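**Q** Here you go, this is final28.cif (mmCIF, C-alpha atoms).
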```cif
data_model
#
loop_
_atom_site.label_atom_id
_atom_site.label_comp_id
_atom_site.auth_asym_id
_atom_site.auth_seq_id
_atom_site.Cartn_x
_atom_site.Cartn_y
_atom_site.Cartn_z
CA MET T 1 1.64 21.95 -3.53
CA ILE T 2 2.33 25.08 -1.47
CA THR T 3 2.05 28.33 -3.39
CA ARG T 4 4.70 30.88 -2.42
CA GLU T 5 4.37 33.39 -5.26
CA PRO T 6 3.46 36.89 -4.03
CA VAL T 7 0.05 38.28 -4.89
CA TYR T 8 0.18 41.62 -6.70
CA THR T 9 -2.81 43.98 -6.58
CA ASP T 10 -3.41 47.52 -7.71
CA ALA T 11 -3.39 50.32 -5.18
CA ALA T 12 -6.74 50.85 -3.45
CA ALA T 13 -8.67 53.82 -4.79
CA THR T 14 -10.49 54.53 -1.52
CA ALA T 15 -10.26 53.55 2.13
CA TRP T 16 -13.32 51.33 1.80
CA ASP T 17 -11.74 49.60 -1.17
CA GLY T 18 -8.64 48.94 0.91
CA LEU T 19 -10.69 47.50 3.75
CA TRP T 20 -12.64 45.29 1.36
CA ARG T 21 -9.46 43.94 -0.21
CA ALA T 22 -7.92 43.34 3.22
CA ALA T 23 -11.03 41.38 4.25
CA LEU T 24 -10.87 39.27 1.09
CA LEU T 25 -7.17 38.56 1.58
CA GLY T 26 -7.88 37.62 5.20
CA LEU T 27 -10.57 35.17 4.13
CA ALA T 28 -8.20 33.71 1.56
CA ASP T 29 -5.54 33.21 4.25
CA ILE T 30 -8.10 31.52 6.49
CA GLY T 31 -9.09 29.19 3.68
CA ARG T 32 -5.51 28.23 2.84
CA ALA T 33 -4.60 27.74 6.50
CA GLY T 34 -7.71 25.60 6.99
CA THR T 35 -6.79 23.50 3.97
CA LEU T 36 -3.27 22.88 5.27
CA THR T 37 -4.66 21.99 8.70
CA ALA T 38 -7.12 19.52 7.17
CA GLN T 39 -4.34 17.93 5.11
CA ALA T 40 -2.15 17.55 8.21
CA LEU T 41 -4.98 15.97 10.20
CA ALA T 42 -5.83 13.62 7.34
CA GLY T 43 -2.21 12.49 7.13
CA MET T 44 -1.93 11.53 10.79
CA PRO T 45 -3.19 7.91 10.42
CA LEU T 46 -0.71 7.23 7.61
CA MET T 47 2.09 8.77 9.65
CA LEU T 48 1.45 6.40 12.53
CA LEU T 49 1.88 3.42 10.19
CA ALA T 50 5.38 4.46 9.12
CA ARG T 51 8.10 3.67 11.65
CA ARG T 52 10.37 6.57 10.73
CA ARG T 53 7.53 9.02 10.95
CA ARG T 54 6.57 7.69 14.38
CA HIS T 55 10.08 8.49 15.58
CA GLU T 56 9.66 12.06 14.37
CA TRP T 57 6.29 12.23 16.11
CA VAL T 58 7.84 11.13 19.42
CA ARG T 59 10.67 13.63 18.98
CA GLN T 60 8.17 16.44 18.40
CA MET T 61 6.20 15.44 21.51
CA TYR T 62 9.40 15.65 23.52
CA GLN T 63 10.29 19.04 22.05
CA MET T 64 6.80 20.49 22.51
CA GLY T 65 5.69 18.81 25.71
CA ILE T 66 8.55 17.74 27.93
CA LYS T 67 10.69 20.81 27.26
CA SER T 68 7.71 23.05 28.02
CA LEU T 69 7.11 21.52 31.44
CA PRO T 70 9.29 23.96 33.47
CA VAL T 71 7.45 27.03 32.16
CA ILE T 72 4.04 25.38 32.36
CA SER T 73 4.75 24.21 35.92
CA VAL T 74 5.55 27.71 37.13
CA VAL T 75 2.62 29.28 35.27
CA GLY T 76 0.17 26.60 36.41
CA MET T 77 1.18 26.85 40.06
CA PHE T 78 1.03 30.63 40.22
CA THR T 79 -2.19 30.78 38.21
CA GLY T 80 -3.85 28.67 40.88
CA MET T 81 -2.28 30.74 43.64
CA ILE T 82 -3.47 34.00 42.09
CA LEU T 83 -6.98 32.62 41.61
CA GLY T 84 -7.04 31.29 45.14
CA LEU T 85 -5.83 34.57 46.64
CA GLN T 86 -8.15 36.87 44.69
CA VAL T 87 -11.24 34.69 45.08
CA GLY T 88 -10.44 33.89 48.69
CA LEU T 89 -10.11 37.53 49.66
CA GLU T 90 -13.55 38.28 48.26
CA LEU T 91 -15.13 35.19 49.81
CA ARG T 92 -13.66 36.06 53.21
CA ARG T 93 -15.71 39.25 53.22
CA PHE T 94 -18.78 37.00 53.46
CA ASN T 95 -17.15 34.34 55.68
CA GLN T 96 -17.38 31.86 52.80
CA GLU T 97 -13.67 31.21 52.20
CA ILE T 98 -14.28 27.48 52.51
CA TYR T 99 -15.59 27.59 48.93
CA ILE T 100 -12.24 28.67 47.54
CA GLY T 101 -11.58 25.12 46.34
CA SER T 102 -14.76 25.06 44.29
CA ALA T 103 -13.97 28.37 42.59
CA VAL T 104 -10.39 27.44 41.76
CA MET T 105 -11.30 24.00 40.45
CA VAL T 106 -14.11 25.18 38.17
CA SER T 107 -12.11 28.14 36.84
CA LEU T 108 -9.12 25.97 36.00
CA LEU T 109 -11.03 23.09 34.44
CA ARG T 110 -13.32 25.20 32.29
CA GLU T 111 -11.12 28.06 31.21
CA MET T 112 -7.83 28.97 32.84
CA GLY T 113 -6.09 25.60 32.47
CA PRO T 114 -6.46 25.21 28.70
CA PHE T 115 -6.18 28.99 28.17
CA MET T 116 -2.87 29.43 29.95
CA THR T 117 -1.49 26.26 28.37
CA ALA T 118 -2.43 27.49 24.91
CA LEU T 119 -0.80 30.88 25.47
CA ILE T 120 2.44 29.26 26.60
CA LEU T 121 2.50 26.85 23.67
CA ALA T 122 1.67 29.61 21.19
CA ALA T 123 4.55 31.72 22.49
CA CYS T 124 7.11 28.94 22.92
CA VAL T 125 6.18 26.18 20.48
CA GLY T 126 4.15 28.03 17.84
CA SER T 127 6.80 30.69 17.32
CA SER T 128 9.45 27.99 17.03
CA MET T 129 7.45 26.13 14.38
CA ALA T 130 6.89 29.29 12.37
CA ALA T 131 10.57 30.21 12.54
CA GLN T 132 11.81 26.73 11.60
CA ILE T 133 9.49 26.22 8.66
CA GLY T 134 9.88 29.86 7.61
CA THR T 135 13.66 29.47 7.49
CA MET T 136 13.28 26.32 5.40
CA THR T 137 10.92 28.16 3.06
CA VAL T 138 13.17 31.17 2.40
CA ASN T 139 16.16 28.83 1.94
CA ASP T 140 14.18 26.86 -0.70
CA GLU T 141 14.31 23.67 1.37
CA VAL T 142 10.53 23.31 1.13
CA ALA T 143 10.76 23.74 -2.64
CA ALA T 144 13.44 21.03 -2.69
CA LEU T 145 11.07 18.66 -0.89
CA GLU T 146 8.43 19.28 -3.55
CA ILE T 147 10.97 18.66 -6.32
CA MET T 148 11.77 15.29 -4.71
CA SER T 149 8.01 14.52 -4.69
CA ILE T 150 7.86 14.74 -0.89
CA ASP T 151 4.73 16.43 0.44
CA PRO T 152 5.95 19.25 2.73
CA VAL T 153 2.69 19.26 4.67
CA ARG T 154 2.89 15.56 5.45
CA PHE T 155 6.64 15.66 6.05
CA LEU T 156 6.84 18.81 8.21
CA MET T 157 3.39 19.72 9.48
CA THR T 158 1.75 16.36 10.21
CA PRO T 159 4.24 15.21 12.92
CA ARG T 160 3.93 18.58 14.62
CA MET T 161 0.16 18.47 14.42
CA ALA T 162 0.04 14.95 15.86
CA ALA T 163 2.36 15.95 18.70
CA MET T 164 0.24 18.99 19.60
CA VAL T 165 -2.98 16.97 19.45
CA VAL T 166 -1.57 14.62 22.09
CA MET T 167 0.41 17.01 24.27
CA THR T 168 -1.94 19.99 24.55
CA PRO T 169 -4.72 18.17 26.46
CA LEU T 170 -2.14 16.44 28.67
CA LEU T 171 -0.38 19.69 29.47
CA SER T 172 -3.73 21.38 30.11
CA PHE T 173 -4.67 18.72 32.65
CA TYR T 174 -1.23 19.04 34.23
CA THR T 175 -1.74 22.80 34.52
CA CYS T 176 -5.10 22.27 36.22
CA VAL T 177 -3.59 19.87 38.76
CA LEU T 178 -0.79 22.27 39.64
CA GLY T 179 -3.23 25.17 39.79
CA VAL T 180 -5.45 23.33 42.27
CA ILE T 181 -2.40 22.57 44.40
CA GLY T 182 -1.34 26.22 44.25
CA GLY T 183 -4.79 27.39 45.28
CA GLY T 184 -4.75 24.92 48.17
CA ILE T 185 -1.41 26.26 49.38
CA VAL T 186 -2.79 29.80 49.43
CA GLY T 187 -5.97 28.64 51.17
CA LEU T 188 -3.98 26.80 53.83
CA THR T 189 -1.32 29.41 54.53
CA GLN T 190 -3.21 32.69 54.08
CA LEU T 191 -6.92 31.93 54.47
CA ASN T 192 -6.75 29.20 57.13
CA VAL T 193 -8.73 26.73 55.01
CA PRO T 194 -7.75 23.15 55.94
CA TRP T 195 -6.31 21.13 53.08
CA GLU T 196 -8.85 18.32 53.47
CA GLN T 197 -11.75 20.75 53.36
CA TYR T 198 -10.26 22.53 50.34
CA ILE T 199 -9.89 19.30 48.37
CA SER T 200 -13.33 18.08 49.45
CA MET T 201 -15.04 21.24 48.19
CA ALA T 202 -13.03 21.18 44.98
CA MET T 203 -13.96 17.58 44.18
CA ASP T 204 -17.60 18.05 45.13
CA ILE T 205 -18.14 20.90 42.66
CA ALA T 206 -16.10 19.43 39.80
CA ARG T 207 -18.04 17.58 37.10
CA MET T 208 -16.81 15.36 34.30
CA ARG T 209 -18.43 17.76 31.86
CA ASP T 210 -16.08 20.52 33.01
CA LEU T 211 -13.08 18.26 32.45
CA TYR T 212 -14.26 17.19 28.99
CA VAL T 213 -14.95 20.75 27.90
CA GLY T 214 -11.54 21.87 29.11
CA LEU T 215 -9.75 19.03 27.31
CA PHE T 216 -11.75 19.71 24.15
CA LYS T 217 -10.72 23.36 24.31
CA ALA T 218 -7.09 22.34 24.69
CA LEU T 219 -7.38 20.02 21.69
CA VAL T 220 -8.87 22.77 19.52
CA PHE T 221 -6.25 25.25 20.71
CA GLY T 222 -3.44 22.84 19.82
CA ILE T 223 -4.80 22.31 16.31
CA VAL T 224 -5.26 26.04 15.75
CA ILE T 225 -1.78 26.96 17.02
CA THR T 226 -0.13 24.36 14.80
CA GLY T 227 -2.19 25.31 11.76
CA VAL T 228 -1.49 29.03 12.13
CA SER T 229 2.22 28.60 12.89
CA CYS T 230 2.90 26.18 10.05
CA TYR T 231 0.91 28.26 7.57
CA GLU T 232 2.87 31.37 8.48
CA GLY T 233 6.07 29.38 8.05
CA PHE T 234 5.08 28.03 4.64
CA THR T 235 4.11 31.51 3.38
CA THR T 236 7.25 33.28 4.64
CA ARG T 237 9.02 35.61 2.22
CA GLN T 238 11.77 38.27 2.26
CA GLY T 239 14.49 36.30 3.98
CA ALA T 240 15.37 36.84 7.64
CA VAL T 241 13.01 39.82 7.93
CA GLY T 242 10.15 37.67 6.68
CA VAL T 243 10.96 34.94 9.21
CA GLY T 244 10.69 37.47 12.04
CA GLN T 245 7.42 38.84 10.68
CA ALA T 246 5.97 35.33 10.26
CA THR T 247 6.92 34.44 13.83
CA ARG T 248 5.26 37.59 15.17
CA ARG T 249 2.11 37.03 13.10
CA SER T 250 1.83 33.43 14.24
CA VAL T 251 1.93 34.39 17.93
CA ILE T 252 -0.50 37.30 17.56
CA THR T 253 -2.97 35.33 15.44
CA SER T 254 -2.81 32.33 17.78
CA PHE T 255 -3.48 34.53 20.82
CA LEU T 256 -6.50 36.14 19.19
CA LEU T 257 -7.95 32.83 18.00
CA VAL T 258 -7.46 31.24 21.42
CA LEU T 259 -9.43 34.07 23.03
CA ILE T 260 -12.23 33.96 20.45
CA LEU T 261 -12.52 30.17 20.35
CA GLY T 262 -12.33 29.92 24.14
CA TYR T 263 -15.38 32.13 24.52
CA THR T 264 -17.21 30.41 21.63
CA ILE T 265 -16.71 26.90 23.00
CA THR T 266 -17.78 27.97 26.50
CA ARG T 267 -20.91 29.56 25.06
CA MET T 268 -21.69 26.37 23.15
CA PHE T 269 -21.48 24.04 26.13
CA TYR T 270 -22.83 26.27 28.90
CA ASP T 271 -26.16 28.00 28.41
CA LEU T 272 -26.88 31.18 30.32
#
```
When written as structure tokens, how does the structure in this file appear?
**A**
Amino acid sequence: MITREPVYTDAAATAWDGLWRAALLGLADIGRAGTLTAQALAGMPLMLLARRRRHEWVRQMYQMGIKSLPVISVVGMFTGMILGLQVGLELRRFNQEIYIGSAVMVSLLREMGPFMTALILAACVGSSMAAQIGTMTVNDEVAALEIMSIDPVRFLMTPRMAAMVVMTPLLSFYTCVLGVIGGGIVGLTQLNVPWEQYISMAMDIARMRDLYVGLFKALVFGIVITGVSCYEGFTTRQGAVGVGQATRRSVITSFLLVLILGYTITRMFYDL
């Protein structure tokens, strides 16, 4: 069951008391969001066994993945071009511009590919999920599902979670490919680096570990974005104003968590 009753507390006596209460409420939100995320992940195998739920899963993948391709294509291409231009200009000072492919490839696989993909999905897909579920919550549609003995988490959140788990790594890889192509275009047209040499240097420096770490980051980012967005939707209050606030909170929280988790995962897999 999803609790939607507001929590009433007395006014804080001091500033420290207010900070302490805010920290406790934040921890409580993290716990509830983590619980919903775990329930959605646990329900994915059962969802795949039901034919109707599989159709919803495919529809969500289309909505989240295919419809996001135009934005991701532009961002991925220009991310690679920006990386290639900035890195290439510095390398040219030392007559080492032939290594532009190595720098672009490593940067995209390890960090920029999954990072940019997560930011786009948080802004486009996460906000949409928070707004949709938030509207259903304030209109008592989620309560109606519970009255009919239908689990809202399994019915609404699990298909979205399954779609993000599949599409985020795929879109991250797609972003990396377009970024490498964009960097190669800049190297060829502005730095006079032959395409064959650019690709050769990029493939020589790339390791499977970099690819796996990047895809793992994308997977974690997709789970976090879905968990945060759906939790904000389920806890929406105050009508249309609350829907707008929940959408804003979902995007801000997702951005912050993507930054923090991106650094944490990199630190775990790459020792200084």
**Q** Residues near Gln60 in chain T, anyone? I mean within 9 Å using only C-alpha atoms, not counting same-chain ones fewer than 4 positions away, as a list of chain:residue names.
**A**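 Returned residues: T:His55, T:Glu56, T:Met64, T:Gly65, T:Pro159, T:Arg160, T:Ala162, T:Ala163, T:Met164.
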**Q** Contacts of range 129-138 of chain T at 6 Å or less, counting all atoms listed in the file, minus same-chain residues fewer than 5 places along, as JSON, numbers by chain?
**A** {"T": [229, 230, 232, 233, 234, 236, 239, 243, 247]}
**Q** Name the residues that the PyMOL selection byres ((chain T and resi 91-97) around 12) pulls out of this structure, and write them as a ChimeraX atom specification.
**A** /T:83-90,98-104,183-184,186-188,190-194,197-198,201
**Q** For Gln39 in chain T, which residue out of T:Gln63, T:Thr168, T:Thr158, T:Thr226 is the nearest one, using only C-alpha atoms?
**A**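 Answer, going by the shortest atom-to-atom distance: T:Thr158.
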**Q** Could you spell out the hits of the PyMOL selection byres ((chain T and resi 40-42) around 10) on the shown file, as a ChimeraX atom specification?
**A** /T:34-39,43-47,152-162,165,223,226-227
**Q** Please measure the separation of CA of Ala33 in chain T and CA of Thr175 in chain T, giving the value in Å to one decimal.
**A** 28.6 Å
**Q** Could you tell me which of T:Thr79, T:Thr117, T:Ser172, T:Thr235 comes closest to Val142 in chain T if we count all atoms listed in the file?
**A**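 The shortest atom-to-atom distance to Val142 in chain T comes from T:Thr235.
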**Q** Once you count all atoms listed in the file, which residues end up no further than 12 Å from (-15.9, 29.7, 25.2) in the file's frame, shown as a PyMOL selection string?
**A** chain T and resi 110-112+114-115+213-214+216-218+220-221+257-271
**Q** So, with all atoms listed in the file as the atoms that count, which of T:Ala118, T:Cys176, T:Val228, T:Val166 lies closest to Gly31 in chain T?
**A**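 Checking each of T:Ala118, T:Cys176, T:Val228, T:Val166 against Gly31 in chain T, counting all atoms listed in the file, the winner is T:Val228.
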**Q** Centre and edge lengths of an axis-aligned box around all listed atoms of range 52-68 of chain T, with 3 Å added on each side, are to be given in Å to one decimal, as JSON.
**A**
```
{"center_x": 8.2, "center_y": 14.8, "center_z": 19.4, "size_x": 11.0, "size_y": 22.5, "size_z": 23.3}
```
**Q** Calculate how many Å separate CA of Thr253 in chain T from CA of Val75 in chain T, rounding to one decimal.
**A**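 So the answer is 21.5 Å.
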**Q** With all atoms listed in the file as the atoms that count, which of T:Leu121, T:Ile82, T:Met105, T:Ala143 lies nearest to Asp210 in chain T?
**A** T:Met105
**Q** Provide range 78-103 of chain T rebuilt to N, CA and C atoms, formatted as a PDB file, keeping the file's coordinate frame.
**A**
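And here is the file that came out, selection.pdb:
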```pdb
ATOM      1  N   PHE T  78       1.330  29.257  39.818  1.00  0.00           N
ATOM      2  CA  PHE T  78       1.030  30.630  40.220  1.00  0.00           C
ATOM      3  C   PHE T  78      -0.340  31.083  39.706  1.00  0.00           C
ATOM      4  N   THR T  79      -0.821  30.481  38.622  1.00  0.00           N
ATOM      5  CA  THR T  79      -2.190  30.780  38.210  1.00  0.00           C
ATOM      6  C   THR T  79      -3.184  30.343  39.283  1.00  0.00           C
ATOM      7  N   GLY T  80      -2.989  29.135  39.806  1.00  0.00           N
ATOM      8  CA  GLY T  80      -3.850  28.670  40.880  1.00  0.00           C
ATOM      9  C   GLY T  80      -3.712  29.494  42.144  1.00  0.00           C
ATOM     10  N   MET T  81      -2.496  29.911  42.443  1.00  0.00           N
ATOM     11  CA  MET T  81      -2.280  30.740  43.640  1.00  0.00           C
ATOM     12  C   MET T  81      -2.934  32.105  43.491  1.00  0.00           C
ATOM     13  N   ILE T  82      -2.834  32.698  42.307  1.00  0.00           N
ATOM     14  CA  ILE T  82      -3.470  34.000  42.090  1.00  0.00           C
ATOM     15  C   ILE T  82      -4.991  33.873  42.173  1.00  0.00           C
ATOM     16  N   LEU T  83      -5.535  32.837  41.523  1.00  0.00           N
ATOM     17  CA  LEU T  83      -6.980  32.620  41.610  1.00  0.00           C
ATOM     18  C   LEU T  83      -7.422  32.413  43.050  1.00  0.00           C
ATOM     19  N   GLY T  84      -6.678  31.564  43.749  1.00  0.00           N
ATOM     20  CA  GLY T  84      -7.040  31.290  45.140  1.00  0.00           C
ATOM     21  C   GLY T  84      -6.987  32.525  46.008  1.00  0.00           C
ATOM     22  N   LEU T  85      -5.969  33.362  45.817  1.00  0.00           N
ATOM     23  CA  LEU T  85      -5.830  34.570  46.640  1.00  0.00           C
ATOM     24  C   LEU T  85      -6.927  35.575  46.334  1.00  0.00           C
ATOM     25  N   GLN T  86      -7.155  35.851  45.049  1.00  0.00           N
ATOM     26  CA  GLN T  86      -8.150  36.870  44.690  1.00  0.00           C
ATOM     27  C   GLN T  86      -9.563  36.429  45.057  1.00  0.00           C
ATOM     28  N   VAL T  87      -9.900  35.177  44.746  1.00  0.00           N
ATOM     29  CA  VAL T  87     -11.240  34.690  45.080  1.00  0.00           C
ATOM     30  C   VAL T  87     -11.402  34.550  46.590  1.00  0.00           C
ATOM     31  N   GLY T  88     -10.358  34.074  47.244  1.00  0.00           N
ATOM     32  CA  GLY T  88     -10.440  33.890  48.690  1.00  0.00           C
ATOM     33  C   GLY T  88     -10.618  35.186  49.436  1.00  0.00           C
ATOM     34  N   LEU T  89      -9.947  36.238  48.994  1.00  0.00           N
ATOM     35  CA  LEU T  89     -10.110  37.530  49.660  1.00  0.00           C
ATOM     36  C   LEU T  89     -11.530  38.048  49.560  1.00  0.00           C
ATOM     37  N   GLU T  90     -12.155  37.840  48.405  1.00  0.00           N
ATOM     38  CA  GLU T  90     -13.550  38.280  48.260  1.00  0.00           C
ATOM     39  C   GLU T  90     -14.492  37.398  49.058  1.00  0.00           C
ATOM     40  N   LEU T  91     -14.249  36.086  49.044  1.00  0.00           N
ATOM     41  CA  LEU T  91     -15.130  35.190  49.810  1.00  0.00           C
ATOM     42  C   LEU T  91     -15.008  35.423  51.306  1.00  0.00           C
ATOM     43  N   ARG T  92     -13.830  35.836  51.772  1.00  0.00           N
ATOM     44  CA  ARG T  92     -13.660  36.060  53.210  1.00  0.00           C
ATOM     45  C   ARG T  92     -14.501  37.227  53.699  1.00  0.00           C
ATOM     46  N   ARG T  93     -14.832  38.140  52.812  1.00  0.00           N
ATOM     47  CA  ARG T  93     -15.710  39.250  53.220  1.00  0.00           C
ATOM     48  C   ARG T  93     -17.076  38.752  53.635  1.00  0.00           C
ATOM     49  N   PHE T  94     -17.477  37.576  53.126  1.00  0.00           N
ATOM     50  CA  PHE T  94     -18.780  37.000  53.460  1.00  0.00           C
ATOM     51  C   PHE T  94     -18.643  35.739  54.317  1.00  0.00           C
ATOM     52  N   ASN T  95     -17.427  35.525  54.851  1.00  0.00           N
ATOM     53  CA  ASN T  95     -17.150  34.340  55.680  1.00  0.00           C
ATOM     54  C   ASN T  95     -17.440  33.038  54.925  1.00  0.00           C
ATOM     55  N   GLN T  96     -17.131  33.029  53.630  1.00  0.00           N
ATOM     56  CA  GLN T  96     -17.380  31.860  52.800  1.00  0.00           C
ATOM     57  C   GLN T  96     -16.082  31.353  52.139  1.00  0.00           C
ATOM     58  N   GLU T  97     -14.945  31.583  52.805  1.00  0.00           N
ATOM     59  CA  GLU T  97     -13.670  31.210  52.200  1.00  0.00           C
ATOM     60  C   GLU T  97     -13.498  29.695  52.042  1.00  0.00           C
ATOM     61  N   ILE T  98     -14.373  28.931  52.669  1.00  0.00           N
ATOM     62  CA  ILE T  98     -14.280  27.480  52.510  1.00  0.00           C
ATOM     63  C   ILE T  98     -14.595  27.050  51.080  1.00  0.00           C
ATOM     64  N   TYR T  99     -15.236  27.930  50.314  1.00  0.00           N
ATOM     65  CA  TYR T  99     -15.590  27.590  48.930  1.00  0.00           C
ATOM     66  C   TYR T  99     -14.487  27.966  47.939  1.00  0.00           C
ATOM     67  N   ILE T 100     -13.324  28.307  48.437  1.00  0.00           N
ATOM     68  CA  ILE T 100     -12.240  28.670  47.540  1.00  0.00           C
ATOM     69  C   ILE T 100     -11.862  27.501  46.626  1.00  0.00           C
ATOM     70  N   GLY T 101     -11.918  26.291  47.153  1.00  0.00           N
ATOM     71  CA  GLY T 101     -11.580  25.120  46.340  1.00  0.00           C
ATOM     72  C   GLY T 101     -12.518  24.950  45.165  1.00  0.00           C
ATOM     73  N   SER T 102     -13.789  25.188  45.375  1.00  0.00           N
ATOM     74  CA  SER T 102     -14.760  25.060  44.290  1.00  0.00           C
ATOM     75  C   SER T 102     -14.491  26.077  43.196  1.00  0.00           C
ATOM     76  N   ALA T 103     -14.209  27.328  43.584  1.00  0.00           N
ATOM     77  CA  ALA T 103     -13.970  28.370  42.590  1.00  0.00           C
ATOM     78  C   ALA T 103     -12.709  28.105  41.784  1.00  0.00           C
TER      79      ALA T 103
END
```
